[in-house]
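J.: Take a look at work23.pdb, PDB, C-alpha atoms and all ligand atoms:
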MODEL        1
ATOM      1  CA  MET A   1      41.462 -50.949   8.425
ATOM      2  CA  SER A   2      42.309 -47.752  10.227
ATOM      3  CA  VAL A   3      44.226 -44.731   8.986
ATOM      4  CA  GLN A   4      47.635 -43.489  10.111
ATOM      5  CA  PHE A   5      49.498 -40.240   9.558
ATOM      6  CA  ALA A   6      51.791 -42.058   7.108
ATOM      7  CA  ASP A   7      48.761 -42.806   4.903
ATOM      8  CA  ILE A   8      48.119 -39.082   4.604
ATOM      9  CA  GLU A   9      51.753 -38.399   3.706
ATOM     10  CA  GLN A  10      51.505 -41.053   0.974
ATOM     11  CA  ALA A  11      48.224 -39.627  -0.268
ATOM     12  CA  ALA A  12      49.943 -36.250  -0.595
ATOM     13  CA  LEU A  13      52.583 -37.833  -2.846
ATOM     14  CA  ARG A  14      49.872 -39.382  -5.056
ATOM     15  CA  LEU A  15      48.127 -36.020  -5.306
ATOM     16  CA  ARG A  16      51.263 -34.037  -6.106
ATOM     17  CA  GLY A  17      50.882 -32.258  -9.421
ATOM     18  CA  VAL A  18      47.275 -33.484  -9.700
ATOM     19  CA  ALA A  19      45.364 -31.715  -6.910
ATOM     20  CA  ASN A  20      45.776 -27.979  -6.444
ATOM     21  CA  ALA A  21      47.945 -26.907  -3.516
ATOM     22  CA  THR A  22      45.290 -24.429  -2.432
ATOM     23  CA  PRO A  23      46.263 -21.023  -1.011
ATOM     24  CA  LEU A  24      46.132 -19.807   2.583
ATOM     25  CA  HIS A  25      44.344 -16.471   2.888
ATOM     26  CA  THR A  26      44.455 -14.067   5.816
ATOM     27  CA  SER A  27      42.426 -10.981   6.672
ATOM     28  CA  ARG A  28      43.314  -8.159   9.043
ATOM     29  CA  THR A  29      39.613  -7.508   9.461
ATOM     30  CA  VAL A  30      39.003 -11.078  10.604
ATOM     31  CA  ASN A  31      41.999 -10.932  12.921
ATOM     32  CA  ALA A  32      40.740  -7.691  14.460
ATOM     33  CA  LEU A  33      37.226  -9.088  14.799
ATOM     34  CA  THR A  34      38.297 -12.330  16.472
ATOM     35  CA  GLY A  35      41.447 -11.248  18.319
ATOM     36  CA  ALA A  36      43.175 -14.261  16.760
ATOM     37  CA  SER A  37      45.486 -14.854  13.778
ATOM     38  CA  VAL A  38      43.323 -16.706  11.307
ATOM     39  CA  PHE A  39      44.586 -18.716   8.323
ATOM     40  CA  PHE A  40      41.998 -19.823   5.789
ATOM     41  CA  LYS A  41      42.745 -22.980   3.796
ATOM     42  CA  CYS A  42      40.836 -22.265   0.592
ATOM     43  CA  GLU A  43      39.544 -25.593  -0.739
ATOM     44  CA  ASN A  44      36.944 -23.668  -2.716
ATOM     45  CA  PHE A  45      39.881 -23.330  -5.140
ATOM     46  CA  GLN A  46      40.409 -27.106  -5.282
ATOM     47  CA  ARG A  47      39.574 -29.021  -8.488
ATOM     48  CA  VAL A  48      35.794 -29.544  -8.716
ATOM     49  CA  GLY A  49      35.504 -26.725  -6.170
ATOM     50  CA  ALA A  50      35.896 -28.770  -2.997
ATOM     51  CA  PHE A  51      38.395 -30.867  -1.021
ATOM     52  CA  LYS A  52      36.541 -34.044  -2.079
ATOM     53  CA  PHE A  53      38.778 -34.348  -5.138
ATOM     54  CA  ARG A  54      41.624 -35.279  -2.765
ATOM     55  CA  GLY A  55      39.955 -38.345  -1.299
ATOM     56  CA  ALA A  56      38.456 -39.464  -4.596
ATOM     57  CA  TYR A  57      41.749 -39.329  -6.478
ATOM     58  CA  ASN A  58      43.636 -40.982  -3.623
ATOM     59  CA  ALA A  59      41.150 -43.871  -3.602
ATOM     60  CA  LEU A  60      40.924 -44.386  -7.376
ATOM     61  CA  SER A  61      44.677 -44.184  -7.937
ATOM     62  CA  GLN A  62      45.059 -47.282  -5.720
ATOM     63  CA  PHE A  63      42.719 -49.455  -7.812
ATOM     64  CA  THR A  64      44.203 -52.672  -9.233
ATOM     65  CA  PRO A  65      44.260 -53.008 -13.052
ATOM     66  CA  GLU A  66      41.173 -55.246 -12.801
ATOM     67  CA  GLN A  67      39.288 -52.691 -10.688
ATOM     68  CA  ARG A  68      40.274 -49.936 -13.093
ATOM     69  CA  LYS A  69      38.843 -51.869 -16.003
ATOM     70  CA  ARG A  70      35.528 -52.607 -14.272
ATOM     71  CA  GLY A  71      35.036 -49.160 -12.875
ATOM     72  CA  VAL A  72      33.863 -47.306  -9.779
ATOM     73  CA  LEU A  73      30.394 -46.727  -8.432
ATOM     74  CA  THR A  74      29.300 -44.188  -5.878
ATOM     75  CA  TYR A  75      26.180 -42.602  -4.489
ATOM     76  CA  SER A  76      26.128 -38.894  -3.755
ATOM     77  CA  SER A  77      24.279 -35.843  -4.944
ATOM     78  CA  GLY A  78      27.043 -33.493  -4.027
ATOM     79  CA  ASN A  79      30.722 -32.807  -4.342
ATOM     80  CA  HIS A  80      31.826 -36.426  -3.938
ATOM     81  CA  ALA A  81      29.980 -37.330  -7.144
ATOM     82  CA  GLN A  82      31.826 -34.661  -9.105
ATOM     83  CA  ALA A  83      35.111 -35.616  -7.451
ATOM     84  CA  ILE A  84      34.767 -39.294  -8.426
ATOM     85  CA  ALA A  85      33.631 -38.265 -11.901
ATOM     86  CA  LEU A  86      36.730 -36.131 -12.510
ATOM     87  CA  ALA A  87      39.254 -38.396 -10.753
ATOM     88  CA  GLY A  88      37.977 -41.353 -12.784
ATOM     89  CA  GLN A  89      38.240 -39.338 -15.985
ATOM     90  CA  LEU A  90      41.881 -38.480 -15.238
ATOM     91  CA  LEU A  91      42.679 -42.133 -14.468
ATOM     92  CA  ASP A  92      40.588 -43.520 -17.328
ATOM     93  CA  ILE A  93      38.269 -45.500 -15.031
ATOM     94  CA  PRO A  94      34.578 -45.945 -15.961
ATOM     95  CA  ARG A  95      32.303 -44.419 -13.310
ATOM     96  CA  LEU A  96      28.674 -44.795 -12.413
ATOM     97  CA  ILE A  97      27.020 -42.340 -10.043
ATOM     98  CA  VAL A  98      23.708 -43.047  -8.328
ATOM     99  CA  MET A  99      21.878 -39.779  -7.611
ATOM    100  CA  PRO A 100      18.430 -38.875  -6.301
ATOM    101  CA  GLN A 101      15.918 -37.746  -8.947
ATOM    102  CA  ASP A 102      15.581 -34.377  -7.252
ATOM    103  CA  ALA A 103      19.334 -33.587  -7.177
ATOM    104  CA  PRO A 104      20.043 -29.973  -8.227
ATOM    105  CA  PRO A 105      20.238 -29.814 -12.059
ATOM    106  CA  VAL A 106      23.578 -27.967 -11.870
ATOM    107  CA  LYS A 107      25.137 -30.865  -9.951
ATOM    108  CA  LEU A 108      23.739 -33.420 -12.378
ATOM    109  CA  ALA A 109      25.087 -31.457 -15.311
ATOM    110  CA  ALA A 110      28.507 -31.048 -13.679
ATOM    111  CA  THR A 111      28.763 -34.772 -12.929
ATOM    112  CA  ARG A 112      27.753 -35.720 -16.468
ATOM    113  CA  GLY A 113      30.111 -33.025 -17.751
ATOM    114  CA  TYR A 114      33.040 -35.027 -16.347
ATOM    115  CA  GLY A 115      31.854 -37.970 -18.407
ATOM    116  CA  ALA A 116      30.279 -40.089 -15.654
ATOM    117  CA  GLU A 117      27.197 -42.228 -16.219
ATOM    118  CA  VAL A 118      24.414 -41.111 -13.871
ATOM    119  CA  ILE A 119      21.539 -43.308 -12.684
ATOM    120  CA  LEU A 120      18.684 -41.551 -10.940
ATOM    121  CA  TYR A 121      16.595 -43.118  -8.192
ATOM    122  CA  ASP A 122      13.398 -42.270  -6.363
ATOM    123  CA  LYS A 123      14.178 -41.486  -2.706
ATOM    124  CA  HIS A 124      10.726 -42.611  -1.641
ATOM    125  CA  LYS A 125      10.919 -45.997  -3.344
ATOM    126  CA  GLN A 126      14.542 -47.116  -3.050
ATOM    127  CA  THR A 127      17.471 -46.607  -0.720
ATOM    128  CA  ARG A 128      20.600 -45.594  -2.520
ATOM    129  CA  GLU A 129      22.733 -48.160  -0.691
ATOM    130  CA  THR A 130      20.678 -51.152  -1.877
ATOM    131  CA  LEU A 131      20.480 -49.836  -5.424
ATOM    132  CA  ALA A 132      24.215 -49.106  -5.428
ATOM    133  CA  GLU A 133      25.060 -52.561  -4.075
ATOM    134  CA  SER A 134      22.967 -54.385  -6.680
ATOM    135  CA  LEU A 135      24.365 -52.297  -9.543
ATOM    136  CA  ALA A 136      27.924 -52.810  -8.296
ATOM    137  CA  GLN A 137      27.344 -56.593  -8.118
ATOM    138  CA  GLU A 138      25.849 -56.657 -11.585
ATOM    139  CA  ARG A 139      28.734 -54.771 -13.187
ATOM    140  CA  GLY A 140      31.593 -55.856 -10.967
ATOM    141  CA  MET A 141      32.309 -52.250  -9.985
ATOM    142  CA  THR A 142      34.069 -51.130  -6.808
ATOM    143  CA  VAL A 143      31.989 -48.923  -4.496
ATOM    144  CA  ILE A 144      33.778 -45.865  -3.107
ATOM    145  CA  PRO A 145      31.564 -44.230  -0.469
ATOM    146  CA  PRO A 146      31.778 -40.498   0.304
ATOM    147  CA  TYR A 147      33.513 -40.658   3.703
ATOM    148  CA  ASP A 148      33.690 -44.015   5.469
ATOM    149  CA  HIS A 149      36.723 -45.424   3.679
ATOM    150  CA  PRO A 150      40.410 -45.294   4.714
ATOM    151  CA  HIS A 151      41.641 -44.007   1.333
ATOM    152  CA  ILE A 152      39.004 -41.264   1.361
ATOM    153  CA  VAL A 153      39.959 -40.174   4.889
ATOM    154  CA  ALA A 154      43.673 -40.176   4.029
ATOM    155  CA  GLY A 155      43.080 -38.077   0.907
ATOM    156  CA  GLN A 156      40.920 -35.544   2.735
ATOM    157  CA  GLY A 157      43.656 -35.204   5.373
ATOM    158  CA  THR A 158      46.052 -33.762   2.803
ATOM    159  CA  ALA A 159      44.328 -30.345   2.977
ATOM    160  CA  ALA A 160      45.241 -29.942   6.660
ATOM    161  CA  LEU A 161      48.651 -31.487   5.962
ATOM    162  CA  GLU A 162      49.392 -28.625   3.561
ATOM    163  CA  LEU A 163      47.960 -26.077   5.978
ATOM    164  CA  CYS A 164      50.015 -27.248   8.964
ATOM    165  CA  ARG A 165      53.231 -27.683   6.973
ATOM    166  CA  ALA A 166      52.905 -24.122   5.694
ATOM    167  CA  GLN A 167      51.794 -22.492   8.931
ATOM    168  CA  ASP A 168      52.227 -23.331  12.617
ATOM    169  CA  VAL A 169      48.810 -23.038  14.304
ATOM    170  CA  ASP A 170      47.384 -23.688  17.784
ATOM    171  CA  VAL A 171      44.025 -24.942  16.612
ATOM    172  CA  VAL A 172      42.390 -26.181  13.408
ATOM    173  CA  LEU A 173      38.652 -25.894  12.712
ATOM    174  CA  ALA A 174      36.954 -28.160  10.172
ATOM    175  CA  PRO A 175      33.343 -28.752   9.124
ATOM    176  CA  CYS A 176      31.801 -32.162   9.735
ATOM    177  CA  GLY A 177      29.290 -34.133   7.679
ATOM    178  CA  GLY A 178      30.160 -37.824   7.590
ATOM    179  CA  GLY A 179      33.466 -37.030   9.276
ATOM    180  CA  GLY A 180      35.923 -37.947   6.516
ATOM    181  CA  LEU A 181      37.420 -34.471   6.348
ATOM    182  CA  LEU A 182      37.450 -34.006  10.130
ATOM    183  CA  SER A 183      39.111 -37.404  10.746
ATOM    184  CA  GLY A 184      41.804 -36.755   8.161
ATOM    185  CA  THR A 185      42.303 -33.212   9.448
ATOM    186  CA  ALA A 186      42.865 -34.370  13.029
ATOM    187  CA  LEU A 187      45.358 -37.065  11.989
ATOM    188  CA  ALA A 188      47.240 -34.693   9.696
ATOM    189  CA  ALA A 189      47.364 -31.701  12.059
ATOM    190  CA  LYS A 190      48.592 -33.801  14.977
ATOM    191  CA  GLY A 191      51.033 -35.678  12.776
ATOM    192  CA  VAL A 192      52.653 -32.434  11.634
ATOM    193  CA  LEU A 193      52.356 -30.202  14.695
ATOM    194  CA  GLY A 194      51.913 -32.547  17.664
ATOM    195  CA  ARG A 195      50.296 -30.195  20.175
ATOM    196  CA  VAL A 196      47.429 -28.721  18.210
ATOM    197  CA  ARG A 197      43.713 -28.734  18.983
ATOM    198  CA  VAL A 198      41.242 -29.885  16.345
ATOM    199  CA  VAL A 199      37.604 -28.872  16.615
ATOM    200  CA  GLY A 200      34.756 -30.028  14.365
ATOM    201  CA  VAL A 201      31.797 -27.811  13.468
ATOM    202  CA  GLU A 202      28.310 -28.996  12.546
ATOM    203  CA  PRO A 203      24.962 -27.353  11.849
ATOM    204  CA  ALA A 204      22.796 -27.425  14.991
ATOM    205  CA  LEU A 205      20.064 -28.939  12.812
ATOM    206  CA  ALA A 206      22.374 -31.873  11.955
ATOM    207  CA  ASP A 207      24.186 -32.332  15.279
ATOM    208  CA  ASP A 208      24.532 -36.121  15.145
ATOM    209  CA  ALA A 209      28.348 -36.137  15.232
ATOM    210  CA  THR A 210      28.430 -33.711  18.168
ATOM    211  CA  ARG A 211      26.037 -35.948  20.105
ATOM    212  CA  SER A 212      28.018 -39.037  19.123
ATOM    213  CA  PHE A 213      31.221 -37.346  20.276
ATOM    214  CA  ARG A 214      29.667 -36.347  23.613
ATOM    215  CA  THR A 215      27.917 -39.614  24.419
ATOM    216  CA  GLY A 216      30.348 -42.111  22.909
ATOM    217  CA  ARG A 217      27.422 -43.767  21.110
ATOM    218  CA  LEU A 218      26.796 -43.407  17.380
ATOM    219  CA  CYS A 219      23.829 -41.020  17.012
ATOM    220  CA  SER A 220      21.972 -40.098  13.819
ATOM    221  CA  VAL A 221      19.634 -37.461  12.351
ATOM    222  CA  HIS A 222      16.876 -37.983   9.802
ATOM    223  CA  ASN A 223      16.773 -35.712   6.700
ATOM    224  CA  PRO A 224      18.036 -32.596   8.533
ATOM    225  CA  ASP A 225      16.740 -29.415   6.887
ATOM    226  CA  THR A 226      19.980 -27.437   7.045
ATOM    227  CA  ILE A 227      21.213 -25.048   4.386
ATOM    228  CA  ALA A 228      24.611 -26.775   4.714
ATOM    229  CA  ASP A 229      23.814 -29.578   2.269
ATOM    230  CA  GLY A 230      27.252 -31.175   2.613
ATOM    231  CA  ALA A 231      26.475 -31.872   6.282
ATOM    232  CA  ARG A 232      23.068 -33.494   5.802
ATOM    233  CA  THR A 233      24.607 -36.949   6.270
ATOM    234  CA  PRO A 234      22.616 -39.112   8.719
ATOM    235  CA  SER A 235      25.586 -40.099  10.898
ATOM    236  CA  LEU A 236      29.315 -40.649  11.119
ATOM    237  CA  GLY A 237      30.541 -43.933   9.656
ATOM    238  CA  ALA A 238      32.058 -46.802  11.654
ATOM    239  CA  LEU A 239      35.588 -45.739  10.694
ATOM    240  CA  THR A 240      35.096 -41.986  10.998
ATOM    241  CA  PHE A 241      33.323 -42.309  14.360
ATOM    242  CA  GLU A 242      36.313 -44.171  15.760
ATOM    243  CA  LEU A 243      38.782 -41.624  14.340
ATOM    244  CA  VAL A 244      36.770 -38.612  15.518
ATOM    245  CA  ARG A 245      36.533 -40.075  19.020
ATOM    246  CA  ARG A 246      40.247 -40.809  19.171
ATOM    247  CA  HIS A 247      41.739 -37.705  17.563
ATOM    248  CA  VAL A 248      39.294 -34.782  17.683
ATOM    249  CA  ASP A 249      39.369 -32.524  20.763
ATOM    250  CA  ASP A 250      35.911 -30.983  20.615
ATOM    251  CA  MET A 251      32.780 -30.558  18.513
ATOM    252  CA  VAL A 252      30.453 -27.548  18.401
ATOM    253  CA  THR A 253      27.330 -26.559  16.478
ATOM    254  CA  VAL A 254      26.209 -23.370  14.721
ATOM    255  CA  THR A 255      22.717 -22.146  13.867
ATOM    256  CA  GLU A 256      21.424 -21.601  10.336
ATOM    257  CA  LYS A 257      21.697 -17.835  10.819
ATOM    258  CA  GLN A 258      25.301 -18.130  11.976
ATOM    259  CA  ILE A 259      26.121 -20.210   8.888
ATOM    260  CA  VAL A 260      24.562 -17.645   6.543
ATOM    261  CA  ASP A 261      26.201 -14.697   8.310
ATOM    262  CA  GLY A 262      29.609 -16.381   8.140
ATOM    263  CA  MET A 263      29.160 -17.255   4.485
ATOM    264  CA  LEU A 264      28.042 -13.759   3.468
ATOM    265  CA  PHE A 265      30.992 -12.268   5.361
ATOM    266  CA  LEU A 266      33.388 -14.475   3.372
ATOM    267  CA  TRP A 267      31.696 -13.511   0.102
ATOM    268  CA  GLN A 268      31.552  -9.787   0.749
ATOM    269  CA  ARG A 269      34.558  -9.010   2.856
ATOM    270  CA  MET A 270      37.061 -11.588   1.657
ATOM    271  CA  LYS A 271      35.768 -12.157  -1.900
ATOM    272  CA  LEU A 272      35.818 -15.874  -1.170
ATOM    273  CA  VAL A 273      32.897 -17.737  -2.734
ATOM    274  CA  VAL A 274      32.167 -20.587  -0.351
ATOM    275  CA  GLU A 275      29.071 -22.753  -0.134
ATOM    276  CA  PRO A 276      27.127 -22.965   3.159
ATOM    277  CA  THR A 277      28.914 -26.153   4.296
ATOM    278  CA  GLY A 278      32.200 -24.535   3.333
ATOM    279  CA  ALA A 279      31.483 -21.686   5.751
ATOM    280  CA  LEU A 280      30.684 -23.886   8.792
ATOM    281  CA  ALA A 281      34.105 -23.732  10.455
ATOM    282  CA  PHE A 282      34.400 -19.978  10.010
ATOM    283  CA  ALA A 283      30.816 -19.493  11.224
ATOM    284  CA  ALA A 284      31.821 -20.868  14.634
ATOM    285  CA  LEU A 285      34.577 -18.255  14.884
ATOM    286  CA  HIS A 286      32.677 -15.352  13.308
ATOM    287  CA  SER A 287      29.677 -15.868  15.605
ATOM    288  CA  GLY A 288      31.805 -16.159  18.748
ATOM    289  CA  VAL A 289      30.649 -19.754  19.424
ATOM    290  CA  LEU A 290      34.409 -20.462  19.481
ATOM    291  CA  LYS A 291      36.932 -17.918  20.761
ATOM    292  CA  PHE A 292      40.712 -18.203  20.570
ATOM    293  CA  PRO A 293      42.127 -14.826  21.632
ATOM    294  CA  GLY A 294      45.816 -14.440  20.907
ATOM    295  CA  GLN A 295      46.018 -17.809  19.161
ATOM    296  CA  ARG A 296      46.754 -18.915  15.609
ATOM    297  CA  VAL A 297      43.738 -20.590  14.070
ATOM    298  CA  GLY A 298      43.585 -22.637  10.861
ATOM    299  CA  VAL A 299      40.131 -22.646   9.274
ATOM    300  CA  LEU A 300      39.190 -25.087   6.526
ATOM    301  CA  LEU A 301      36.961 -23.498   3.912
ATOM    302  CA  SER A 302      35.913 -26.820   2.443
ATOM    303  CA  GLY A 303      34.190 -25.902  -0.814
ATOM    304  CA  GLY A 304      32.706 -23.284  -3.073
ATOM    305  CA  ASN A 305      29.928 -24.992  -5.013
ATOM    306  CA  ALA A 306      27.173 -22.662  -3.900
ATOM    307  CA  ASP A 307      23.844 -23.289  -5.616
ATOM    308  CA  PHE A 308      22.998 -19.653  -6.285
ATOM    309  CA  SER A 309      19.485 -20.348  -7.509
ATOM    310  CA  ALA A 310      18.755 -21.897  -4.108
ATOM    311  CA  LEU A 311      20.549 -19.106  -2.187
ATOM    312  CA  LYS A 312      19.359 -16.014  -4.055
ATOM    313  CA  HIS A 313      16.653 -15.278  -1.482
ATOM    314  CA  LEU A 314      19.482 -14.532   1.002
ATOM    315  CA  LEU A 315      20.536 -11.497  -0.986
TER     316      LEU A 315
HETATM  317  C1  LIG B   1      31.410 -33.316   1.912
HETATM  318  C2  LIG B   1      31.639 -31.932   2.369
HETATM  319  C3  LIG B   1      31.842 -31.618   3.738
HETATM  320  C4  LIG B   1      31.777 -32.659   4.814
HETATM  321  O1  LIG B   1      32.770 -33.636   4.661
HETATM  322  P1  LIG B   1      32.658 -35.029   5.417
HETATM  323  O2  LIG B   1      33.901 -35.749   5.080
HETATM  324  O3  LIG B   1      31.418 -35.717   4.917
HETATM  325  O4  LIG B   1      32.520 -34.713   6.872
HETATM  326  C5  LIG B   1      32.114 -30.310   4.073
HETATM  327  N1  LIG B   1      32.157 -29.335   3.151
HETATM  328  C6  LIG B   1      31.965 -29.585   1.836
HETATM  329  C7  LIG B   1      32.041 -28.452   0.878
HETATM  330  C8  LIG B   1      31.699 -30.892   1.399
HETATM  331  O5  LIG B   1      31.501 -31.129   0.100
ENDMDL
END
Written as structure tokens, that's how I'd like the structure from this file.

T.:
Amino acid sequence: MSVQFADIEQAALRLRGVANATPLHTSRTVNALTGASVFFKCENFQRVGAFKFRGAYNALSQFTPEQRKRGVLTYSSGNHAQAIALAGQLLDIPRLIVMPQDAPPVKLAATRGYGAEVILYDKHKQTRETLAESLAQERGMTVIPPYDHPHIVAGQGTAALELCRAQDVDVVLAPCGGGGLLSGTALAAKGVLGRVRVVGVEPALADDATRSFRTGRLCSVHNPDTIADGARTPSLGALTFELVRRHVDDMVTVTEKQIVDGMLFLWQRMKLVVEPTGALAFAALHSGVLKFPGQRVGVLLSGGNADFSALKHLL
């Protein structure tokens, strides 16, 4: 079950009038600083505050009547949980979210706020996959994972689809956790523009996808201690690894300091509230890790759910 450009076009039709068509922002300061023309795709203004609503809604809207009745189950402590919670609410599908006991209280509250049932687990005693599988069996629910699923990838690709339809660019930069967004971005950008480069950006502390990309073997990291919590995933999935290898042109990493500097620049200079993972792609440009003089660069700002109580020491 792979993903084609046509799947992203169809996802865009499903999302029409439901997901926000997020704005493109530009900044003369950023252009002067980088020598490029930079176009920011602002998914921090997406519903639930991140692009993950796109994939979640695309997946749930394709459930059969029987699946809709029985419900959806997922495991995530982050934006995917909130995305499934809201998408399921809109489609009237029961949803069960398995979250670690130590998930940030704000994220728990947000997920419950969208009417999802939350089950907490102890990271040291259970793995979320086994717990999720047994609960799904018991209740007959469909599991929708956060990235390694064709409908998730196709939905995530609609952000870059909008970007590239609105603006011709030479290169698109996207953050990478489990690779759902990056896979969809590469398929969408190339489907619309043909000759465009797509580069993925990861935290150096969670560089599994970059190593996988370089070596051609699926590499992993164990509990990476990066501030970019959306990129703490252990590895690419089977599907996203294949798509990243086939369609992405390069992968780079940024340090924790580069992530923070990029994020604070977006907050202060552009008034764009992004979370650390949301700033990854820009951090590569802002720090000079990537340089595209004279070129048009699309940058995905993937989300804005910054946990300010955890970040306040930065100020
Ligand atoms: C999930 C997430 C990512 C990473 O997306 P993947 O599809 O897992 O690679 C990046 N930024 C934000 C804000 C996210 O929530």

J.: Which polymer residues have any atom within 6 Å of an atom of stretch 249-257 of chain A, counting all atoms listed in the file, with same-chain residues fewer than 2 positions away left out, as a ChimeraX atom specification?

T.: /A:198-204,210,259-260

J.: Atom CA of A:Leu96 and atom CA of A:Ala19, how far apart in Å?

T.: 21.9 Å

J.: Neighbours of A:Met263 within 8 Å (all atoms listed in the file; same-chain residues fewer than 4 positions away dropped), as a ChimeraX atom specification?

T.: /A:259,267,274-276,278-279,283

J.: Quick one: 8 Å padding each side, axis-aligned, all listed atoms of ligand LIG 1 (chain B) - centre and edge lengths in Å to one decimal, as AutoDock Vina command-line options?

T.:
--center_x 32.7 --center_y -32.1 --center_z 3.5 --size_x 18.5 --size_y 23.3 --size_z 22.8

J.: All residues within 6 Å of ligand LIG 1 (chain B) are required, counting only C-alpha atoms and all ligand atoms; please report them as a PyMOL selection string.

T.: chain A and resi 50+79+147+175-182+230-231+277-278+302-303

J.: Using only C-alpha atoms, which residues sit within 10 Å of stretch 217-219 of chain A once same-chain residues fewer than 4 positions away are excluded, as JSON, numbers by chain?

T.: {"A": [207, 208, 209, 210, 211, 212, 213, 234, 235, 236, 237, 238, 241, 242]}

J.: So that I have them on file, write out the residues from the current selection with C-alpha atoms, as a PDB file, keeping the file's coordinate frame.

T.:
ATOM      1  CA  ASP A 207      24.186 -32.332  15.279  1.00  0.00           C
ATOM      2  CA  ASP A 208      24.532 -36.121  15.145  1.00  0.00           C
ATOM      3  CA  ALA A 209      28.348 -36.137  15.232  1.00  0.00           C
ATOM      4  CA  THR A 210      28.430 -33.711  18.168  1.00  0.00           C
ATOM      5  CA  ARG A 211      26.037 -35.948  20.105  1.00  0.00           C
ATOM      6  CA  SER A 212      28.018 -39.037  19.123  1.00  0.00           C
ATOM      7  CA  PHE A 213      31.221 -37.346  20.276  1.00  0.00           C
ATOM      8  CA  PRO A 234      22.616 -39.112   8.719  1.00  0.00           C
ATOM      9  CA  SER A 235      25.586 -40.099  10.898  1.00  0.00           C
ATOM     10  CA  LEU A 236      29.315 -40.649  11.119  1.00  0.00           C
ATOM     11  CA  GLY A 237      30.541 -43.933   9.656  1.00  0.00           C
ATOM     12  CA  ALA A 238      32.058 -46.802  11.654  1.00  0.00           C
ATOM     13  CA  PHE A 241      33.323 -42.309  14.360  1.00  0.00           C
ATOM     14  CA  GLU A 242      36.313 -44.171  15.760  1.00  0.00           C
TER      15      GLU A 242
END

J.: I need the output of the PyMOL selection byres (((chain A and resi 58-63) around 7) and not hetatm) for this file as number ranges by chain; which residues are they?

T.: A: 11, 14-15, 54-57, 64-65, 67-68, 88, 151-152, 155

J.: Quick check on the file I pasted: which residues fall under the PyMOL selection byres (((chain A and resi 132) around 9) and not hetatm)? Write them as a list in words.

T.: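 That selection, the PyMOL selection byres (((chain A and resi 132) around 9) and not hetatm), comes back as Leu73, Thr74, Tyr75, Ile97, Val98, Thr127, Arg128, Glu129, Thr130, Leu131, Glu133, Ser134, Leu135, Ala136, Gln137 and Val143 of chain A.
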
J.: Kindly save the residues from that selection, with C-alpha atoms included, as a PDB file, keeping the file's coordinate frame.

T.:
ATOM      1  CA  LEU A  73      30.394 -46.727  -8.432  1.00  0.00           C
ATOM      2  CA  THR A  74      29.300 -44.188  -5.878  1.00  0.00           C
ATOM      3  CA  TYR A  75      26.180 -42.602  -4.489  1.00  0.00           C
ATOM      4  CA  ILE A  97      27.020 -42.340 -10.043  1.00  0.00           C
ATOM      5  CA  VAL A  98      23.708 -43.047  -8.328  1.00  0.00           C
ATOM      6  CA  THR A 127      17.471 -46.607  -0.720  1.00  0.00           C
ATOM      7  CA  ARG A 128      20.600 -45.594  -2.520  1.00  0.00           C
ATOM      8  CA  GLU A 129      22.733 -48.160  -0.691  1.00  0.00           C
ATOM      9  CA  THR A 130      20.678 -51.152  -1.877  1.00  0.00           C
ATOM     10  CA  LEU A 131      20.480 -49.836  -5.424  1.00  0.00           C
ATOM     11  CA  GLU A 133      25.060 -52.561  -4.075  1.00  0.00           C
ATOM     12  CA  SER A 134      22.967 -54.385  -6.680  1.00  0.00           C
ATOM     13  CA  LEU A 135      24.365 -52.297  -9.543  1.00  0.00           C
ATOM     14  CA  ALA A 136      27.924 -52.810  -8.296  1.00  0.00           C
ATOM     15  CA  GLN A 137      27.344 -56.593  -8.118  1.00  0.00           C
ATOM     16  CA  VAL A 143      31.989 -48.923  -4.496  1.00  0.00           C
TER      17      VAL A 143
END

J.: Using the chain letters and residue numbers of this document, give as an NGL selection string the residues selected by the PyMOL selection byres (((chain A and resi 99-101) around 9) and not hetatm).

T.: :A and (74-78 or 81 or 97-98 or 102-104 or 108 or 118-123 or 128)

J.: Name the residues in contact with A:Arg232 at a cut-off of 7 Å, using only C-alpha atoms, excluding same-chain residues fewer than 5 positions from it; report them as a PyMOL selection string.

T.: chain A and resi 177+206+223-224+226

J.: When you draw a straight line from atom CA of A:Gly49 to atom CA of A:Val169, how long is it in Å?

T.: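 Rounded to one decimal, the two atoms are 24.7 Å apart.
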
J.: What does the structure give for the distance between atom CA of A:Arg70 and atom CA of A:Met141, in Å to one decimal?

T.: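 Rounded to one decimal, the two atoms are 5.4 Å apart.
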
J.: So which one's closest to A:Val196, A:Gly140, A:Gly298, A:Gly262, A:Gly115? Using all atoms listed in the file, please.

T.: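 Ranking A:Gly140, A:Gly298, A:Gly262, A:Gly115 by distance to A:Val196, first place goes to A:Gly298.
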
J.: Please list as a PDB file with C-alpha atoms, keeping the file's coordinate frame every residue within 12 Å of A:Gly194, counting all atoms listed in the file and excluding residues in the same chain fewer than 4 positions away.

T.:
ATOM      1  CA  PHE A   5      49.498 -40.240   9.558  1.00  0.00           C
ATOM      2  CA  CYS A 164      50.015 -27.248   8.964  1.00  0.00           C
ATOM      3  CA  ARG A 165      53.231 -27.683   6.973  1.00  0.00           C
ATOM      4  CA  ASP A 168      52.227 -23.331  12.617  1.00  0.00           C
ATOM      5  CA  VAL A 169      48.810 -23.038  14.304  1.00  0.00           C
ATOM      6  CA  ASP A 170      47.384 -23.688  17.784  1.00  0.00           C
ATOM      7  CA  VAL A 171      44.025 -24.942  16.612  1.00  0.00           C
ATOM      8  CA  ALA A 186      42.865 -34.370  13.029  1.00  0.00           C
ATOM      9  CA  LEU A 187      45.358 -37.065  11.989  1.00  0.00           C
ATOM     10  CA  ALA A 188      47.240 -34.693   9.696  1.00  0.00           C
ATOM     11  CA  ALA A 189      47.364 -31.701  12.059  1.00  0.00           C
ATOM     12  CA  LYS A 190      48.592 -33.801  14.977  1.00  0.00           C
ATOM     13  CA  VAL A 198      41.242 -29.885  16.345  1.00  0.00           C
ATOM     14  CA  HIS A 247      41.739 -37.705  17.563  1.00  0.00           C
TER      15      HIS A 247
END
